[in-house]
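Here is the structure we will look at.
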Amino acid sequence: MAATAAEQEQQQFYLLLGNLLSPDNAVRKQAEETYENIPGQSKITFLLQAIRNTAAAEEARQMAAVLLRRLLSSAFEEVYPALSPDDQASIKSGLLLIIQLETQSSMRKKICDIVAELARNLIDEDGNNQWPEVLKFLFDSVSSQNVGLREAALHIFWNFPGIFGNQQQHYLEVIKRMLVQCMQDQEHPSIKTLSARAAAAFVLANEHNLPLLKHFADLLPGILQAVNDSCYQNDDSVLKSLVEIADSVPKYLRPHLEPTLQLSLKVKLGIF
């Protein structure tokens, strides 16, 4: 059965993705020029289809995910508003569905990066989140029995802690409960690490909101514990988050200054 024109175009796009990954500079440069000449709306269609296609090479799918996030980051206003409302709705629901179906952890994170970038662009000037379904997805996923979905929710929130927009105050207790619950997960170190990083990102995003910092002060022991635990695993991601807090919001550390200093000394001496 002959392939349709759309199928042929998609196959050509897979070849293009492969060429973008080529170690041959000439091949890669030619592919980059070809990619740049594809209209933005067509890029979104091709990239999403490539991400969805689990039969495609993993490297090609990951490249498609990186390119889609980059496109939303650099050319959102040129590309997304020009799409029809149906296409916009299809992209939003499609991305959330892909996360739920994805089995590869590294690929799932890249799709979460796309979701965070799209959500960032869908907060309007008044702080309204024009993608309420993503908030429902976060709440549903963070309490799921599926560890991959819990990781996804935390990864999105860490990537874009302002995702609640002008509803943040309304959801403050829910956010706090979500982070505390995840930081107490003894069975899954990845959940503890991600929730600590998400908590740190939320603190940094609200560095000038003194009442909020005070309200979230009791999350610091969990962050410190996650730094300690992750350093034993040779993972310094939470430590970097703590250093950012020390640089930008040192007052947040004040209530727990002694254990913070003890941990800092332990890190400096490499006692792990």
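Labeling convention for the structure tokens: chains A, B, ... as they appear, residues from 1 per chain, ligands from 1 in order of appearance.
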### Task
Quick one: everything within 10 Å of Gln100 (chain A), counting only C-alpha atoms, minus sequence neighbours fewer than 2 positions away in the same chain. Send it as a PyMOL selection string.
chain A and resi 94-98+102-103+108+137+141+146+148-149+152
### Message
So that I can see what lies close to region 22-32 of chain A, please list as a ChimeraX atom specification the residues with an atom at most 12 Å from it, counting only C-alpha atoms and leaving out residues fewer than 5 positions away in the same chain.
### Response
/A:12-17,37-38,59-60,63,67
For all heavy atoms, I'd like the residues from the last selection saved as an mmCIF file, in the first residue's frame.
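Final file, again_2.cif:
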data_model
loop_
_atom_site.group_PDB
_atom_site.id
_atom_site.type_symbol
_atom_site.label_atom_id
_atom_site.label_comp_id
_atom_site.auth_asym_id
_atom_site.auth_seq_id
_atom_site.Cartn_x
_atom_site.Cartn_y
_atom_site.Cartn_z
ATOM 1 N N GLN A 12 10.614 11.624 5.649
ATOM 2 C CA GLN A 12 11.716 12.532 5.295
ATOM 3 C C GLN A 12 12.199 13.296 6.535
ATOM 4 O O GLN A 12 13.390 13.565 6.688
ATOM 5 C CB GLN A 12 11.268 13.520 4.205
ATOM 6 C CG GLN A 12 11.103 12.865 2.832
ATOM 7 C CD GLN A 12 10.471 13.801 1.813
ATOM 8 O OE1 GLN A 12 9.895 14.819 2.166
ATOM 9 N NE2 GLN A 12 10.567 13.438 0.541
ATOM 10 N N PHE A 13 11.233 13.623 7.400
ATOM 11 C CA PHE A 13 11.598 14.353 8.617
ATOM 12 C C PHE A 13 12.429 13.462 9.549
ATOM 13 O O PHE A 13 13.365 13.945 10.197
ATOM 14 C CB PHE A 13 10.342 14.863 9.336
ATOM 15 C CG PHE A 13 10.652 15.821 10.456
ATOM 16 C CD1 PHE A 13 11.049 17.125 10.190
ATOM 17 C CD2 PHE A 13 10.569 15.413 11.784
ATOM 18 C CE1 PHE A 13 11.353 18.007 11.223
ATOM 19 C CE2 PHE A 13 10.872 16.286 12.817
ATOM 20 C CZ PHE A 13 11.257 17.593 12.541
ATOM 21 N N TYR A 14 12.104 12.159 9.626
ATOM 22 C CA TYR A 14 12.920 11.237 10.437
ATOM 23 C C TYR A 14 14.352 11.177 9.909
ATOM 24 O O TYR A 14 15.313 11.156 10.693
ATOM 25 C CB TYR A 14 12.319 9.822 10.429
ATOM 26 C CG TYR A 14 11.063 9.677 11.251
ATOM 27 C CD1 TYR A 14 9.958 8.994 10.746
ATOM 28 C CD2 TYR A 14 10.972 10.219 12.534
ATOM 29 C CE1 TYR A 14 8.785 8.867 11.486
ATOM 30 C CE2 TYR A 14 9.805 10.098 13.271
ATOM 31 C CZ TYR A 14 8.718 9.429 12.743
ATOM 32 O OH TYR A 14 7.580 9.312 13.478
ATOM 33 N N LEU A 15 14.481 11.160 8.581
ATOM 34 C CA LEU A 15 15.827 11.178 7.980
ATOM 35 C C LEU A 15 16.552 12.463 8.360
ATOM 36 O O LEU A 15 17.749 12.452 8.659
ATOM 37 C CB LEU A 15 15.725 11.069 6.449
ATOM 38 C CG LEU A 15 15.261 9.721 5.882
ATOM 39 C CD1 LEU A 15 15.063 9.823 4.376
ATOM 40 C CD2 LEU A 15 16.283 8.622 6.206
ATOM 41 N N LEU A 16 15.805 13.563 8.368
ATOM 42 C CA LEU A 16 16.388 14.859 8.726
ATOM 43 C C LEU A 16 16.885 14.846 10.176
ATOM 44 O O LEU A 16 17.983 15.324 10.486
ATOM 45 C CB LEU A 16 15.343 15.964 8.525
ATOM 46 C CG LEU A 16 15.775 17.395 8.862
ATOM 47 C CD1 LEU A 16 16.921 17.840 7.966
ATOM 48 C CD2 LEU A 16 14.596 18.352 8.720
ATOM 49 N N LEU A 17 16.073 14.275 11.077
ATOM 50 C CA LEU A 17 16.483 14.176 12.488
ATOM 51 C C LEU A 17 17.774 13.366 12.607
ATOM 52 O O LEU A 17 18.670 13.726 13.379
ATOM 53 C CB LEU A 17 15.376 13.513 13.326
ATOM 54 C CG LEU A 17 14.131 14.361 13.627
ATOM 55 C CD1 LEU A 17 13.089 13.510 14.358
ATOM 56 C CD2 LEU A 17 14.475 15.579 14.474
ATOM 57 N N ASN A 37 14.314 25.963 7.421
ATOM 58 C CA ASN A 37 13.404 26.407 6.353
ATOM 59 C C ASN A 37 11.995 25.800 6.452
ATOM 60 O O ASN A 37 11.112 26.164 5.682
ATOM 61 C CB ASN A 37 13.999 26.088 4.971
ATOM 62 C CG ASN A 37 15.184 26.993 4.653
ATOM 63 O OD1 ASN A 37 15.189 28.161 5.039
ATOM 64 N ND2 ASN A 37 16.184 26.463 3.977
ATOM 65 N N ILE A 38 11.808 24.885 7.397
ATOM 66 C CA ILE A 38 10.469 24.301 7.581
ATOM 67 C C ILE A 38 9.611 25.306 8.359
ATOM 68 O O ILE A 38 10.054 25.838 9.385
ATOM 69 C CB ILE A 38 10.549 22.970 8.366
ATOM 70 C CG1 ILE A 38 11.368 21.937 7.582
ATOM 71 C CG2 ILE A 38 9.151 22.422 8.656
ATOM 72 C CD1 ILE A 38 11.642 20.652 8.356
ATOM 73 N N GLU A 59 17.334 8.107 19.830
ATOM 74 C CA GLU A 59 18.091 9.356 19.651
ATOM 75 C C GLU A 59 17.273 10.371 18.854
ATOM 76 O O GLU A 59 17.290 11.568 19.156
ATOM 77 C CB GLU A 59 19.415 9.092 18.922
ATOM 78 C CG GLU A 59 20.403 8.241 19.689
ATOM 79 C CD GLU A 59 20.150 6.742 19.515
ATOM 80 O OE1 GLU A 59 19.140 6.377 18.854
ATOM 81 O OE2 GLU A 59 20.935 5.951 20.047
ATOM 82 N N ALA A 60 16.539 9.889 17.848
ATOM 83 C CA ALA A 60 15.718 10.782 17.026
ATOM 84 C C ALA A 60 14.568 11.362 17.851
ATOM 85 O O ALA A 60 14.244 12.548 17.737
ATOM 86 C CB ALA A 60 15.175 10.036 15.810
ATOM 87 N N MET A 63 16.011 13.965 20.180
ATOM 88 C CA MET A 63 16.335 15.166 19.417
ATOM 89 C C MET A 63 15.063 15.961 19.109
ATOM 90 O O MET A 63 15.025 17.187 19.228
ATOM 91 C CB MET A 63 17.052 14.787 18.117
ATOM 92 C CG MET A 63 17.252 15.946 17.144
ATOM 93 S SD MET A 63 18.223 17.304 17.817
ATOM 94 C CE MET A 63 19.886 16.735 17.432
ATOM 95 N N LEU A 67 14.251 19.796 20.271
ATOM 96 C CA LEU A 67 13.930 20.815 19.260
ATOM 97 C C LEU A 67 12.564 21.454 19.522
ATOM 98 O O LEU A 67 12.389 22.666 19.322
ATOM 99 C CB LEU A 67 13.951 20.198 17.856
ATOM 100 C CG LEU A 67 15.329 19.812 17.312
ATOM 101 C CD1 LEU A 67 15.190 19.046 16.003
ATOM 102 C CD2 LEU A 67 16.206 21.046 17.108
#
#### Entry: DSSP alpha helix (DSSP H) selection over region 210-250 of chain A, as a ChimeraX atom specification
/A:210-215,220-232,237-248
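If you look at CA of Ile163 (chain A) and CA of Ala119 (chain A), they are 6.6 Å away from each other.
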### Task
Could you check which of A:Ser264, A:Ser90, A:Ser230, A:Gln11 is closest to Ala196 (chain A), using only C-alpha atoms?
A:Ser230
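For the set A:Ile111, A:Tyr232, A:Leu71, A:Leu122, the residue with the smallest atom-to-atom gap to Gln88 (chain A) is A:Leu122, counting only C-alpha atoms.
Atom pair CA of Gln145 (chain A) / CA of Gln233 (chain A) has a distance of 24.3 Å (rounded to one decimal).
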### Query
How far is it from CA of Leu239 (chain A) to CA of Ala199 (chain A), in Å with one decimal?
12.7 Å
